[in-house]
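Data file: coords.tsv. Format and content: TSV, C-alpha atoms.
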```tsv
chain	number	residue	atom	x	y	z
A	1	MET	CA	26.67	-7.36	-5.86
A	2	ILE	CA	25.61	-8.70	-9.26
A	3	TYR	CA	24.54	-11.97	-7.65
A	4	ALA	CA	22.41	-10.11	-5.12
A	5	ILE	CA	20.68	-8.12	-7.88
A	6	LEU	CA	20.00	-11.34	-9.81
A	7	ALA	CA	18.69	-12.93	-6.61
A	8	VAL	CA	16.21	-10.07	-6.14
A	9	ILE	CA	15.03	-10.20	-9.76
A	10	ILE	CA	14.72	-14.00	-9.87
A	11	GLY	CA	13.17	-14.05	-6.40
A	12	LEU	CA	10.51	-11.50	-7.37
A	13	VAL	CA	9.63	-13.30	-10.62
A	14	ILE	CA	9.24	-16.66	-8.86
A	15	LEU	CA	7.42	-15.00	-5.95
A	16	VAL	CA	4.74	-13.50	-8.21
A	17	TRP	CA	4.42	-16.71	-10.24
A	18	SER	CA	4.17	-18.92	-7.15
A	19	ALA	CA	1.53	-16.65	-5.57
A	20	ASP	CA	-0.68	-17.16	-8.64
A	21	ARG	CA	-0.15	-20.92	-8.58
A	22	PHE	CA	-0.85	-21.02	-4.84
A	23	ILE	CA	-4.15	-19.15	-5.26
A	24	ASP	CA	-5.21	-21.33	-8.22
A	25	GLY	CA	-4.43	-24.52	-6.34
A	26	ALA	CA	-6.05	-23.34	-3.12
A	27	VAL	CA	-9.25	-22.26	-4.88
A	28	ALA	CA	-9.53	-25.55	-6.80
A	29	THR	CA	-8.88	-27.61	-3.65
A	30	ALA	CA	-11.37	-25.57	-1.60
A	31	LYS	CA	-14.05	-25.96	-4.28
A	32	HIS	CA	-13.62	-29.74	-4.34
A	33	PHE	CA	-14.09	-29.88	-0.57
A	34	GLY	CA	-17.27	-27.82	-0.74
A	35	MET	CA	-16.05	-24.43	0.50
A	36	SER	CA	-18.48	-21.68	-0.50
A	37	PRO	CA	-17.46	-19.07	-3.09
A	38	LEU	CA	-17.83	-16.41	-0.40
A	39	LEU	CA	-15.29	-18.03	1.91
A	40	ILE	CA	-12.97	-18.76	-1.03
A	41	GLY	CA	-13.05	-15.11	-1.97
A	42	MET	CA	-12.58	-13.84	1.57
A	43	VAL	CA	-10.04	-16.26	3.00
A	44	ILE	CA	-8.06	-17.70	0.10
A	45	VAL	CA	-8.04	-14.76	-2.28
A	46	GLY	CA	-7.57	-12.31	0.57
A	47	PHE	CA	-4.60	-14.17	1.98
A	48	GLY	CA	-3.37	-15.19	-1.46
A	49	THR	CA	-2.95	-11.66	-2.83
A	50	SER	CA	-0.98	-10.75	0.30
A	51	ALA	CA	0.96	-14.04	0.34
A	52	PRO	CA	4.16	-12.48	-1.09
A	53	GLU	CA	4.19	-9.77	1.60
A	54	MET	CA	3.39	-12.26	4.37
A	55	VAL	CA	6.03	-14.81	3.41
A	56	VAL	CA	8.75	-12.20	2.80
A	57	SER	CA	8.04	-10.44	6.12
A	58	VAL	CA	7.92	-13.70	8.07
A	59	MET	CA	11.24	-14.83	6.58
A	60	SER	CA	12.73	-11.39	7.29
A	61	ALA	CA	11.56	-11.54	10.91
A	62	ILE	CA	13.00	-15.03	11.33
A	63	ASN	CA	16.33	-13.81	9.95
A	64	GLY	CA	16.29	-10.74	12.19
A	65	ASN	CA	15.78	-8.23	9.36
A	66	ALA	CA	13.05	-6.14	10.97
A	67	GLY	CA	13.57	-3.30	8.49
A	68	ILE	CA	12.58	-5.42	5.51
A	69	ALA	CA	9.61	-6.90	7.40
A	70	LEU	CA	8.15	-3.49	8.28
A	71	GLY	CA	9.28	-1.76	5.10
A	72	ASN	CA	7.64	-4.47	3.03
A	73	ALA	CA	4.29	-4.13	4.83
A	74	TYR	CA	4.02	-0.35	5.05
A	75	GLY	CA	5.82	0.21	1.75
A	76	SER	CA	3.35	-2.10	0.03
A	77	ASN	CA	0.45	-0.08	1.46
A	78	ILE	CA	1.97	3.12	0.10
A	79	THR	CA	2.65	1.43	-3.24
A	80	ASN	CA	-0.91	0.05	-3.43
A	81	ILE	CA	-2.57	3.44	-2.99
A	82	ALA	CA	-0.17	5.82	-4.71
A	83	LEU	CA	1.37	3.71	-7.48
A	84	ILE	CA	-1.18	1.01	-8.26
A	85	LEU	CA	-4.39	3.04	-7.93
A	86	GLY	CA	-2.63	5.98	-9.58
A	87	VAL	CA	-1.61	3.94	-12.62
A	88	THR	CA	-4.98	2.15	-12.74
A	89	ALA	CA	-6.91	5.45	-12.69
A	90	LEU	CA	-4.73	6.85	-15.47
A	91	ILE	CA	-5.56	3.81	-17.61
A	92	SER	CA	-9.27	3.87	-16.79
A	93	PRO	CA	-11.04	6.23	-14.33
A	94	ILE	CA	-12.27	4.25	-11.32
A	95	VAL	CA	-15.87	4.47	-10.13
A	96	VAL	CA	-16.02	3.78	-6.38
A	97	GLN	CA	-19.19	2.23	-4.99
A	98	LYS	CA	-20.74	3.82	-1.91
A	99	ASN	CA	-20.25	0.71	0.24
A	100	ILE	CA	-16.48	1.05	-0.09
A	101	VAL	CA	-16.69	4.70	0.99
A	102	LYS	CA	-19.10	4.00	3.86
A	103	VAL	CA	-17.60	0.76	5.20
A	104	GLU	CA	-14.27	-0.50	3.84
A	105	LEU	CA	-12.33	2.78	3.75
A	106	PRO	CA	-13.42	3.93	7.25
A	107	VAL	CA	-12.37	0.50	8.57
A	108	LEU	CA	-9.00	0.86	6.83
A	109	MET	CA	-8.50	4.34	8.32
A	110	GLY	CA	-9.37	3.01	11.77
A	111	ILE	CA	-6.92	0.14	11.51
A	112	THR	CA	-4.23	2.50	10.17
A	113	ALA	CA	-4.81	4.78	13.19
A	114	PHE	CA	-4.50	1.73	15.46
A	115	ALA	CA	-1.19	0.83	13.78
A	116	VAL	CA	0.11	4.33	14.52
A	117	PHE	CA	-0.98	3.95	18.16
A	118	GLN	CA	0.87	0.62	18.46
A	119	LEU	CA	4.09	2.09	17.07
A	120	TRP	CA	3.98	5.21	19.27
A	121	ASP	CA	6.14	3.68	22.02
A	122	GLY	CA	8.86	2.72	19.53
A	123	LYS	CA	8.40	-1.05	19.65
A	124	LEU	CA	6.26	-3.90	18.41
A	125	THR	CA	5.89	-6.61	21.03
A	126	LEU	CA	4.58	-10.15	20.88
A	127	LEU	CA	1.34	-8.86	22.43
A	128	ASP	CA	1.05	-6.19	19.70
A	129	GLY	CA	1.43	-8.85	17.03
A	130	LEU	CA	-1.16	-11.13	18.62
A	131	ILE	CA	-3.63	-8.22	18.95
A	132	LEU	CA	-3.26	-7.45	15.24
A	133	LEU	CA	-3.97	-11.08	14.37
A	134	VAL	CA	-7.03	-11.14	16.65
A	135	VAL	CA	-8.33	-7.95	15.02
A	136	LEU	CA	-7.79	-9.60	11.62
A	137	GLY	CA	-9.81	-12.63	12.71
A	138	ALA	CA	-12.62	-10.43	14.02
A	139	TYR	CA	-12.65	-8.41	10.80
A	140	MET	CA	-12.85	-11.54	8.65
A	141	ILE	CA	-15.73	-12.92	10.71
A	142	TRP	CA	-17.56	-9.59	10.49
A	143	THR	CA	-17.00	-9.41	6.72
A	144	VAL	CA	-18.26	-12.94	6.14
A	145	VAL	CA	-21.38	-12.28	8.23
A	146	SER	CA	-21.98	-8.99	6.41
A	147	ASN	CA	-21.64	-10.72	3.04
A	148	MET	CA	-24.09	-13.40	4.05
A	149	LYS	CA	-26.60	-10.70	4.95
A	150	GLY	CA	-26.10	-9.12	1.53
A	151	ALA	CA	-24.41	-6.00	2.88
A	152	ASP	CA	-21.45	-6.28	0.53
A	153	ASN	CA	-20.79	-8.12	-2.73
A	154	ILE	CA	-17.20	-7.19	-3.53
A	155	VAL	CA	-15.69	-10.44	-2.31
A	156	GLU	CA	-18.51	-12.44	-3.88
A	157	ASN	CA	-17.77	-10.87	-7.26
A	158	ILE	CA	-14.14	-11.93	-7.01
A	159	ALA	CA	-15.13	-15.41	-5.90
A	160	ASP	CA	-17.69	-15.77	-8.69
A	161	GLU	CA	-15.00	-15.03	-11.26
A	162	LEU	CA	-12.69	-17.61	-9.75
A	163	ASP	CA	-15.54	-20.08	-9.45
A	164	ASN	CA	-15.68	-20.31	-13.23
A	165	ALA	CA	-12.21	-21.87	-13.36
A	166	GLN	CA	-12.17	-25.67	-13.34
A	167	MET	CA	-9.20	-27.73	-12.15
A	168	PRO	CA	-8.93	-31.40	-11.10
A	169	LEU	CA	-8.35	-32.02	-7.41
A	170	LYS	CA	-4.92	-33.64	-7.91
A	171	LYS	CA	-3.72	-30.73	-10.01
A	172	GLY	CA	-5.13	-28.29	-7.47
A	173	ILE	CA	-3.26	-29.95	-4.60
A	174	LEU	CA	-0.09	-30.09	-6.72
A	175	TRP	CA	-0.19	-26.34	-7.45
A	176	LEU	CA	-1.07	-25.63	-3.82
A	177	VAL	CA	2.04	-27.47	-2.57
A	178	VAL	CA	4.36	-26.30	-5.37
A	179	GLY	CA	3.15	-22.70	-4.99
A	180	LEU	CA	3.72	-22.72	-1.24
A	181	ILE	CA	7.21	-24.23	-1.52
A	182	ALA	CA	8.14	-21.78	-4.28
A	183	LEU	CA	6.82	-18.88	-2.19
A	184	VAL	CA	9.07	-19.80	0.72
A	185	LEU	CA	12.19	-20.46	-1.35
A	186	SER	CA	11.81	-17.38	-3.56
A	187	SER	CA	11.19	-15.16	-0.52
A	188	ARG	CA	14.40	-16.42	1.10
A	189	LEU	CA	16.28	-15.67	-2.12
A	190	LEU	CA	14.70	-12.22	-2.32
A	191	VAL	CA	15.46	-11.34	1.31
A	192	TRP	CA	19.09	-12.48	0.95
A	193	GLY	CA	19.53	-10.38	-2.19
A	194	ALA	CA	17.85	-7.34	-0.65
A	195	VAL	CA	19.94	-7.47	2.54
A	196	THR	CA	23.14	-7.93	0.54
A	197	ILE	CA	22.33	-4.94	-1.69
A	198	ALA	CA	21.53	-2.80	1.35
A	199	GLN	CA	24.81	-3.74	3.04
A	200	THR	CA	26.83	-3.16	-0.13
A	201	LEU	CA	25.30	0.27	-0.77
A	202	GLY	CA	25.49	1.21	2.88
A	203	VAL	CA	21.76	1.88	3.22
A	204	SER	CA	19.32	0.43	5.73
A	205	ASP	CA	17.33	-2.68	4.94
A	206	LEU	CA	14.26	-0.54	5.72
A	207	ILE	CA	14.89	1.51	2.54
A	208	ILE	CA	15.22	-1.65	0.45
A	209	GLY	CA	12.03	-3.01	2.02
A	210	LEU	CA	10.13	0.22	1.31
A	211	THR	CA	11.18	0.36	-2.34
A	212	VAL	CA	12.36	-2.74	-4.21
A	213	VAL	CA	10.72	-5.37	-2.01
A	214	ALA	CA	7.47	-3.41	-1.52
A	215	VAL	CA	6.99	-2.83	-5.25
A	216	GLY	CA	7.92	-6.40	-6.12
A	217	THR	CA	5.52	-8.00	-3.66
A	218	SER	CA	2.73	-5.65	-4.81
A	219	LEU	CA	2.93	-6.82	-8.44
A	220	PRO	CA	-0.05	-9.23	-8.03
A	221	GLU	CA	-2.24	-6.33	-6.85
A	222	LEU	CA	-1.04	-4.18	-9.77
A	223	ALA	CA	-1.88	-6.86	-12.33
A	224	SER	CA	-5.31	-7.66	-10.87
A	225	SER	CA	-6.28	-3.99	-10.41
A	226	ILE	CA	-5.38	-3.05	-13.99
A	227	ALA	CA	-7.22	-6.13	-15.31
A	228	ALA	CA	-10.30	-5.26	-13.22
A	229	ALA	CA	-10.26	-1.64	-14.39
A	230	ARG	CA	-9.98	-2.68	-18.04
A	231	LYS	CA	-13.05	-4.90	-17.58
A	232	GLY	CA	-14.96	-2.06	-15.96
A	233	GLU	CA	-15.02	-3.82	-12.57
A	234	HIS	CA	-13.94	-0.71	-10.70
A	235	ASP	CA	-15.23	-1.80	-7.30
A	236	ILE	CA	-12.97	-4.87	-7.47
A	237	ALA	CA	-9.97	-2.68	-8.35
A	238	VAL	CA	-10.44	-0.47	-5.27
A	239	GLY	CA	-11.70	-3.30	-3.05
A	240	ASN	CA	-8.60	-5.31	-3.93
A	241	ILE	CA	-6.32	-2.49	-2.75
A	242	VAL	CA	-8.30	-1.80	0.43
A	243	GLY	CA	-8.34	-5.52	1.28
A	244	SER	CA	-4.64	-5.90	0.59
A	245	ASN	CA	-3.76	-2.94	2.83
A	246	LEU	CA	-5.88	-4.38	5.62
A	247	PHE	CA	-4.10	-7.72	5.35
A	248	ASN	CA	-0.68	-6.03	5.20
A	249	THR	CA	-1.32	-3.97	8.32
A	250	LEU	CA	-2.91	-6.77	10.33
A	251	ALA	CA	-1.57	-10.09	9.03
A	252	VAL	CA	1.87	-9.18	7.68
A	253	VAL	CA	2.92	-6.95	10.58
A	254	GLY	CA	1.09	-9.16	13.09
A	255	LEU	CA	2.89	-12.31	11.99
A	256	ALA	CA	6.29	-10.59	11.85
A	257	ALA	CA	5.89	-9.10	15.35
A	258	SER	CA	4.62	-12.41	16.76
A	259	ILE	CA	7.70	-14.20	15.42
A	260	GLN	CA	10.25	-11.51	16.26
A	261	PRO	CA	9.31	-8.54	18.48
A	262	MET	CA	11.17	-5.49	17.20
A	263	ASP	CA	12.24	-1.97	18.05
A	264	ILE	CA	10.85	0.66	15.69
A	265	SER	CA	13.06	3.39	14.29
A	266	PRO	CA	11.56	6.88	14.87
A	267	ILE	CA	11.84	7.55	11.12
A	268	VAL	CA	9.33	4.77	10.43
A	269	LEU	CA	6.65	6.58	12.42
A	270	SER	CA	7.52	10.14	11.37
A	271	ARG	CA	7.98	9.37	7.67
A	272	ASP	CA	6.67	6.08	6.33
A	273	VAL	CA	3.67	5.41	8.58
A	274	LEU	CA	2.76	9.11	8.37
A	275	ILE	CA	2.82	8.95	4.54
A	276	MET	CA	0.75	5.75	4.65
A	277	ALA	CA	-1.83	7.39	6.93
A	278	VAL	CA	-2.03	10.58	4.84
A	279	LEU	CA	-2.47	8.57	1.62
A	280	THR	CA	-5.22	6.48	3.25
A	281	VAL	CA	-7.14	9.61	4.27
A	282	LEU	CA	-6.49	11.15	0.84
A	283	LEU	CA	-7.89	8.04	-0.84
A	284	PHE	CA	-11.04	8.37	1.26
A	285	VAL	CA	-11.40	12.04	0.27
A	286	PHE	CA	-10.81	11.19	-3.40
A	287	CYS	CA	-13.53	8.54	-3.24
A	288	LEU	CA	-16.20	10.85	-1.84
A	289	GLY	CA	-18.92	11.79	-4.28
A	290	LYS	CA	-22.56	12.72	-4.64
A	291	GLY	CA	-24.97	10.04	-3.50
A	292	GLY	CA	-22.13	8.09	-1.91
A	293	THR	CA	-20.64	7.00	-5.24
A	294	GLY	CA	-17.26	8.57	-5.97
A	295	LYS	CA	-14.76	8.53	-8.79
A	296	ILE	CA	-10.99	8.50	-9.04
A	297	GLY	CA	-10.37	10.18	-12.39
A	298	ARG	CA	-7.15	10.69	-14.29
A	299	VAL	CA	-6.32	13.95	-12.47
A	300	LYS	CA	-6.59	12.26	-9.06
A	301	GLY	CA	-4.72	9.24	-10.42
A	302	GLY	CA	-1.95	11.52	-11.63
A	303	ALA	CA	-1.79	13.18	-8.22
A	304	LEU	CA	-1.44	9.79	-6.50
A	305	LEU	CA	1.29	8.70	-8.91
A	306	ALA	CA	3.12	12.01	-8.46
A	307	ALA	CA	3.00	11.53	-4.68
A	308	TYR	CA	4.54	8.07	-5.05
A	309	ILE	CA	7.32	9.35	-7.31
A	310	ALA	CA	8.09	12.21	-4.90
A	311	TYR	CA	8.17	9.82	-1.92
A	312	THR	CA	10.48	7.39	-3.72
A	313	VAL	CA	12.84	10.14	-4.91
A	314	TYR	CA	12.99	11.46	-1.33
A	315	LEU	CA	13.81	7.98	0.00
A	316	ILE	CA	16.61	7.48	-2.50
A	317	ALA	CA	18.00	10.99	-1.98
A	318	THR	CA	18.10	10.66	1.81
A	319	ALA	CA	19.36	7.05	1.76
A	320	PHE	CA	22.82	8.15	0.65
```
Encoded form using structure tokens:
Amino acid sequence: MIYAILAVIIGLVILVWSADRFIDGAVATAKHFGMSPLLIGMVIVGFGTSAPEMVVSVMSAINGNAGIALGNAYGSNITNIALILGVTALISPIVVQKNIVKVELPVLMGITAFAVFQLWDGKLTLLDGLILLVVLGAYMIWTVVSNMKGADNIVENIADELDNAQMPLKKGILWLVVGLIALVLSSRLLVWGAVTIAQTLGVSDLIIGLTVVAVGTSLPELASSIAAARKGEHDIAVGNIVGSNLFNTLAVVGLAASIQPMDISPIVLSRDVLIMAVLTVLLFVFCLGKGGTGKIGRVKGGALLAAYIAYTVYLIATAF
């Protein structure tokens, strides 16, 4: 099993590194071809931060490991809210702008409710996957139009930061290709290691997907959220998490189901998706404040982190 553990560790390290290189290369290439900062922020950064989850889940679906595909997506959502926002708030209390409370979080709750509805019959079909991808496309179009009308500046802020970075076109294309290849290869290594560990320990691949794989693929969000909080860019820290969860629910699950329709274990709906839904609503409640501007202080951050620890301990305890 030592080789499987090394495969997971090496796979995660290369996965996180390659995701950064892929984003850098994609942004530089898009800039050279005249793509607007808004679209760079929405499309490339949005997909880029969820690239590890998407690639891992797609590879898992291709290999027939539905547990890792779903566990990675929903586990990452739980990790994003409870672990990442919890740790970030403990480091620096997060001020939440009213637009996130009025628009982004209600949209996330609606999409989470739709995910629960899709899973209710115990299966994810090809049609379910295609519907999720269509909803993702509609959401992206709506967001771009809203940004152009000045309704929201979260994505623009992210894009403006990236727009300051300069990179020659050849180097941008090189990192784009190298990053993509490394993403695919490292995800295959990670999935192999995770499945092997699960089989050796006698636990389901769902548990491995919800814990090790979910935390590992969420490392880019953790790094960017902590960096944003340290700089005082609290709206980016929360917006990053909300955007990532939207992409995980729509793109990651949608792609996996489109490639390999799957039966859903009842425990996924009664435990993991339920926890994800409760945390999403709790995040909305935590973000409410006077005048529409809320705050996630250290007490709320501690509560989120405690919830994540309790959930993880429960998973490990029941796995054996």
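As for CA of Asp263 in chain A and CA of Thr125 in chain A, they are spaced 8.4 Å apart.
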Between CA of Gly11 in chain A and CA of Thr29 in chain A, what distance in Å does the model show, to one decimal?
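Between these atoms lies a distance of 26.0 Å.
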CA of Leu190 in chain A to CA of Leu304 in chain A measures 27.6 Å
Range 249-252 of chain A surroundings by all atoms listed in the file, 10 Å radius, close-in-sequence under 2 positions cut, as a ChimeraX atom specification
/A:47,50-58,69-70,72-74,76-77,108,111-112,114-115,129-137,139,244-247,254-257
Residues within 10 Å of Gly71 in chain A, please, as number ranges by chain. Count only C-alpha atoms; anything in the same chain fewer than 5 positions from it doesn't count.
A: 57, 66, 76-77, 205-214, 253, 268, 272-273
Distance query range 13-21 of chain A at most 12 Å, only C-alpha atoms, self and fewer than 5 positions along chain excluded, as a PyMOL selection string
chain A and resi 6-8+26-28+44-56+167+171-191+213+215-224
Using all atoms listed in the file, give me every residue within 9 Å of (3.2, 4.5, 1.4) in file coordinates, as a PDB file with C-alpha atoms, in the frame of the given file.
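Dumped everything to result.pdb:
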```
ATOM      1  CA  TYR A  74       4.020  -0.350   5.050  1.00  0.00           C
ATOM      2  CA  GLY A  75       5.820   0.210   1.750  1.00  0.00           C
ATOM      3  CA  SER A  76       3.350  -2.100   0.030  1.00  0.00           C
ATOM      4  CA  ASN A  77       0.450  -0.080   1.460  1.00  0.00           C
ATOM      5  CA  ILE A  78       1.970   3.120   0.100  1.00  0.00           C
ATOM      6  CA  THR A  79       2.650   1.430  -3.240  1.00  0.00           C
ATOM      7  CA  ASN A  80      -0.910   0.050  -3.430  1.00  0.00           C
ATOM      8  CA  ILE A  81      -2.570   3.440  -2.990  1.00  0.00           C
ATOM      9  CA  ALA A  82      -0.170   5.820  -4.710  1.00  0.00           C
ATOM     10  CA  LEU A 210      10.130   0.220   1.310  1.00  0.00           C
ATOM     11  CA  ASP A 272       6.670   6.080   6.330  1.00  0.00           C
ATOM     12  CA  VAL A 273       3.670   5.410   8.580  1.00  0.00           C
ATOM     13  CA  LEU A 274       2.760   9.110   8.370  1.00  0.00           C
ATOM     14  CA  ILE A 275       2.820   8.950   4.540  1.00  0.00           C
ATOM     15  CA  MET A 276       0.750   5.750   4.650  1.00  0.00           C
ATOM     16  CA  ALA A 277      -1.830   7.390   6.930  1.00  0.00           C
ATOM     17  CA  VAL A 278      -2.030  10.580   4.840  1.00  0.00           C
ATOM     18  CA  LEU A 279      -2.470   8.570   1.620  1.00  0.00           C
ATOM     19  CA  THR A 280      -5.220   6.480   3.250  1.00  0.00           C
ATOM     20  CA  TYR A 308       4.540   8.070  -5.050  1.00  0.00           C
ATOM     21  CA  TYR A 311       8.170   9.820  -1.920  1.00  0.00           C
TER      22      TYR A 311
END
```
